Amino acid sequence: MPELPEVETIRQDMLKKVKGKKICKVEVKNEKPIHIPAPSQFVKKLEGKVFRDIFRRGKYLIVQINSTENLIFHLRLTGRLIFSPRGERNPEYTRIIFNFEDKSRLFFTDIRGFADVYLISEREWGEIPSLQSIGPEPLDPDFTLNEFENLLKGKKGKIKLLLMDQSFIAGIGNIYSQEALFRARIHPERNSSQLKKEEIKSLYENLLSVLREAISYRGSSVDTYVNLQGEKGEFEPYLQVYGRKGKSCKRCANPIVKKKIGGRGTYFCSKCQK
DNA sequence: CAATCGTCCTGCGGGC
DNA sequence: TGCCCGCAGGACGATT
């Protein structure tokens with residue numbers, strides 16, 4: 001499941017591989033992921049256009065097409081963007097193919113079919129409510145400890161769920177919320193309003209460091225994530241709690257427990273995360 | 001009104 | 001061994 005580090009890795013790869021390329025043909029194999037506009041319009045509007053700059057906002061990948069329009073992807077759980085320099089056959093579960101003038105191609109694939117694609121102008125961002133209401137970027141230089149403290153003021157509920165709330169902070173999902181909490185030694189069910197000042201500082205620092213490290217290792221391939229070249233991320237060996245049910249805690253050797261929190265599998269050490 | 005539940009979907013793994 | 005049930009999850013909409 002692509003979270004901020006995985007989407008950022010794809011963005012960096014796309015800057016190298018597809019930025020500046022002209023689309024000569026768009027093939028829609030499956031219309032389901034295309035929300036806006038109608039698939040026929042989607043194809044028509046993109047053909048002849050150039051992939052300009054490429055941005056990321058939380059888990060959204062935003063390709064600038066011209067001064068007003070943006071091609072926006074949300075990969076959700078199993079969406080993939082795969083680049084092919086030369087006519088290889090379509091990967092499994094291909095839904096959209098972007099054919100470039102130089103014969104290279106970008107495949108948008110998705111197994112489970114939750115991923116979303118939009119072609120909209122910035123003034124239509126309201127059409128994507130979760131993009132409209134998205135919280136601050138954790139790796140933005142403006143996102144200081146003071147900013148994080150202010151953001152937490154008046155917030156209650158389990159800290160893990162708050163970290164995963166995209167309107168609170170952008171790009172954090174089930175894996176990195178757990179890794180950050182483990183590193184900060186904070187129990188995922190702690191009430192956000194009861195965190196001590198030094199715990200907030202530790203959470204802030206560990207959240208940023210785990211995201212930065214994951215980006216430097218090109219993401220984690222839990223589930224089906226691969227980068228633009230179809231390669232797995234290399235951060236998985238460095239995940240300290242995710243998926244480690246019953247195994248001994250890397251810090252205190254106590255067995256890692258798994259519990260559903262907010263309907264999502266959550267791993268933590270009940271001894272050293274308080 | 002905030003929290004929880006069901007929904008979408010398909011592959012895979014646990015259990016018998 | 002092989003099959004089948006149920007789990008996995010991002011975000012939204014319905015429900016309590």
# chains A, B, ... in the order shown; residues from 1 in each chain; ligands from 1
>>> residues_around(residues="A:Tyr118", least_positions_apart="6", cutoff="9 Å", atoms="only C-alpha atoms (C1' of nucleotides)", output="PyMOL selection string")
chain A and resi 33-37+42+70-74+128
>>> write_last_selection(atoms="N, CA and C atoms", output="compact mmCIF listing (two decimals), in the first residue's frame")
# COMPACT_ATOMS: atom_id res chain seq x y z
N PRO A 33 -11.42 3.31 -12.84
CA PRO A 33 -10.68 4.30 -12.03
C PRO A 33 -10.88 5.75 -12.44
N ILE A 34 -11.39 5.99 -13.65
CA ILE A 34 -11.52 7.37 -14.14
C ILE A 34 -12.81 8.00 -13.62
N HIS A 35 -12.67 8.98 -12.76
CA HIS A 35 -13.84 9.63 -12.15
C HIS A 35 -14.27 10.87 -12.91
N ILE A 36 -13.29 11.73 -13.23
CA ILE A 36 -13.56 12.97 -13.92
C ILE A 36 -12.47 13.18 -14.97
N PRO A 37 -12.77 13.54 -16.20
CA PRO A 37 -14.10 13.61 -16.81
C PRO A 37 -14.53 12.23 -17.29
N PHE A 42 -11.59 12.12 -21.22
CA PHE A 42 -10.28 11.92 -20.58
C PHE A 42 -9.22 11.64 -21.65
N ASN A 70 -4.57 19.14 -14.48
CA ASN A 70 -3.71 18.19 -13.79
C ASN A 70 -4.28 16.78 -13.89
N LEU A 71 -3.37 15.84 -14.12
CA LEU A 71 -3.74 14.43 -14.12
C LEU A 71 -3.39 13.91 -12.73
N ILE A 72 -4.40 13.47 -12.00
CA ILE A 72 -4.19 13.12 -10.60
C ILE A 72 -4.46 11.64 -10.35
N PHE A 73 -3.51 10.99 -9.69
CA PHE A 73 -3.64 9.57 -9.34
C PHE A 73 -3.69 9.39 -7.84
N HIS A 74 -4.54 8.47 -7.38
CA HIS A 74 -4.47 8.00 -6.00
C HIS A 74 -4.41 6.48 -6.10
N ILE A 128 -12.56 16.56 -5.45
CA ILE A 128 -11.89 15.50 -4.69
C ILE A 128 -11.83 15.97 -3.24
>>> closest_atom_pairs(of="chain C", to="chain A", cutoff="12 Å", atoms="only C-alpha atoms (C1' of nucleotides)", output="Markdown table")
| residue | atom | partner | partner_atom | distance |
| --- | --- | --- | --- | --- |
| C:DC7 | C1' | A:Gly265 | CA | 10.1 |
| C:DA8 | C1' | A:Gly265 | CA | 8.5 |
| C:DG9 | C1' | A:Leu77 | CA | 6.6 |
| C:DG10 | C1' | A:Arg76 | CA | 5.5 |
| C:DA11 | C1' | A:Ser130 | CA | 8.2 |
| C:DC12 | C1' | A:Ser130 | CA | 9.5 |
>>> atom_distance(atom1="atom CA of A:Ser84", atom2="atom C1' of B:DG11")
24.8 Å
>>> closest_atom_pairs(of="chain A", to="chain B", cutoff="8 Å", atoms="only C-alpha atoms (C1' of nucleotides)", output="CSV")
residue,atom,partner,partner_atom,distance
A:Ile111,CA,B:DT10,C1',6.5
A:Arg112,CA,B:DC9,C1',4.5
A:Gly113,CA,B:DC9,C1',6.1
A:Phe114,CA,B:DC8,C1',6.9
A:Gly262,CA,B:DT4,C1',7.8
>>> residues_around(residues="A:Glu149", least_positions_apart="3", cutoff="10 Å", atoms="only C-alpha atoms (C1' of nucleotides)", output="PyMOL selection string")
chain A and resi 144-146+152-153+197+200-201+204
>>> select_by_dssp(residues="stretch 31-115 of chain A", states="alpha helix (DSSP H)", output="number ranges by chain")
A: 39-46
>>> select_by_dssp(residues="stretch 99-148 of chain A", states="strand (DSSP E)", output="list of chain:residue names")
A:Asn99, A:Phe100, A:Arg105, A:Leu106, A:Phe107, A:Phe108, A:Thr109, A:Asp110, A:Asp116, A:Val117, A:Tyr118, A:Leu119, A:Ile120, A:Ser121
>>> atom_distance(atom1="atom CA of A:Val50", atom2="atom CA of A:Lys21")
5.5 Å
>>> residues_around(residues="stretch 244-249 of chain A", least_positions_apart="5", cutoff="12 Å", atoms="only C-alpha atoms (C1' of nucleotides)", output="list in words")
Ile175, Gln178, Glu179, Phe182, Arg183, Arg185, Glu236, Pro237, Tyr238, Leu239, Asn254, Pro255, Ile256, Val257, Lys258, Lys259, Gly265, Thr266, Tyr267, Phe268, Cys269, Ser270, Lys271, Cys272 and Gln273 of chain A
>>> atom_distance(atom1="atom CA of A:Leu207", atom2="atom CA of A:Met14")
25.2 Å
